[in-house]
Structure formats: C-alpha cells, structure tokens
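Worksheet: the structure to be examined is printed underneath.
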Amino acid sequence: MNRSLLNNLAGIGASLLMVAVIAVENLWVKFIAGGILITVLIVSFIMLQKNKELSPGVKRLNWFILIPLFSLIGYLYQFIK
C-alpha cells in the first residue's frame, strides 16, 4: 500500500468515527468512538510535528489539528456532567 492510499483510508476512518460520535445515541458508542478519534488526532499531530521533511510554516498550520480535538473533548464532556 502506498502512503497516499493509507492517508485517504485514515481520513475516511476518522470521518466515520466523527459521524458515530455525533449521530449515535448510545453513550458507550460515543465515548469509544470519541476516544479512538481523540487518539488518532493526537498521534497524527505528533507524527506531523516530528516529520523532518515539512517546512516550519506547514508545521505551524498543523496546530489546527488541535481545534477539532478540543471541540470533540468539549462535546463529549457535556455528557459526563
């Protein structure tokens, strides 16, 4: 498998996890899908920051990965209260 196909599959998987978090009413499914998605976002952020081939400008843009991460954490937190 080439890297482009793997990236596309990871993006589709992350999108499906986000749909599961928002659309499904079962709280266990929300928290499991949300936990997996949070892990994927954190790992992708770390891997992109460690990549030596990216320019510093692109690495600064990668900080936008944290916006959906914190949004997802806030969305899941409302169910804990």
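We name chains A, B, ... following the order of the structure tokens; residues begin at 1 in each chain, and ligands are numbered from 1 as shown.
The shell of residues at most 12 Å from Trp63 in chain A, with only C-alpha atoms counted and near chain neighbours (fewer than 5 positions) removed, consists of A:Leu41, A:Ile42, A:Ser44, A:Phe45, A:Ile46, A:Leu48, A:Gln49, A:Pro56, A:Gly57, A:Val58, A:Pro68, A:Leu69, A:Phe70.
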Residues within 12 Å of Leu16 in chain A, please, as a PyMOL selection string. Count only C-alpha atoms; anything in the same chain fewer than 4 positions from it doesn't count. chain A and resi 9-12+20-24+30+33-34+36-37
Selected residues, C-alpha atoms, written as a compact mmCIF listing (two decimals), in the first residue's frame, please.
# COMPACT_ATOMS: atom_id res chain seq x y z
CA LEU A 9 -8.20 5.48 4.45
CA ALA A 10 -7.21 7.12 7.73
CA GLY A 11 -9.17 10.25 6.78
CA ILE A 12 -12.25 8.21 5.90
CA ALA A 20 -20.50 7.89 15.07
CA VAL A 21 -19.77 10.36 17.87
CA ILE A 22 -22.40 12.84 16.67
CA ALA A 23 -25.15 10.64 15.23
CA VAL A 24 -25.31 7.63 17.56
CA LYS A 30 -19.99 7.87 21.64
CA ALA A 33 -15.56 6.30 19.04
CA GLY A 34 -14.61 9.63 20.61
CA ILE A 36 -10.39 6.44 19.32
CA LEU A 37 -10.79 9.68 17.37
Those in chain A with alpha helix (DSSP H) from DSSP, as a VMD selection string: chain A and resid 3 to 23 27 to 50 56 to 61 66 to 80
Closest to Ile32 in chain A among A:Phe64, A:Asn7, A:Leu76, A:Met47, using only C-alpha atoms?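 For Ile32 in chain A, the nearest of the candidates is A:Leu76.
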Using only C-alpha atoms, pick whichever of A:Val19, A:Leu66, A:Ile80, A:Leu72 has the shortest atom-to-atom distance to Gly35 in chain A.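 Closest candidate: A:Leu72.
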Please, what distance in Å, to one decimal, runs between CA of Asn26 in chain A and CA of Gln78 in chain A?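 If I compute the distance from CA of Asn26 in chain A to CA of Gln78 in chain A, I get 14.3 Å.
Take CA of Tyr75 in chain A and CA of Leu17 in chain A: the distance between them is 13.8 Å.
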In Å, rounded to a single decimal, give me how far CA of Thr39 in chain A is from CA of Ser15 in chain A. 13.7 Å
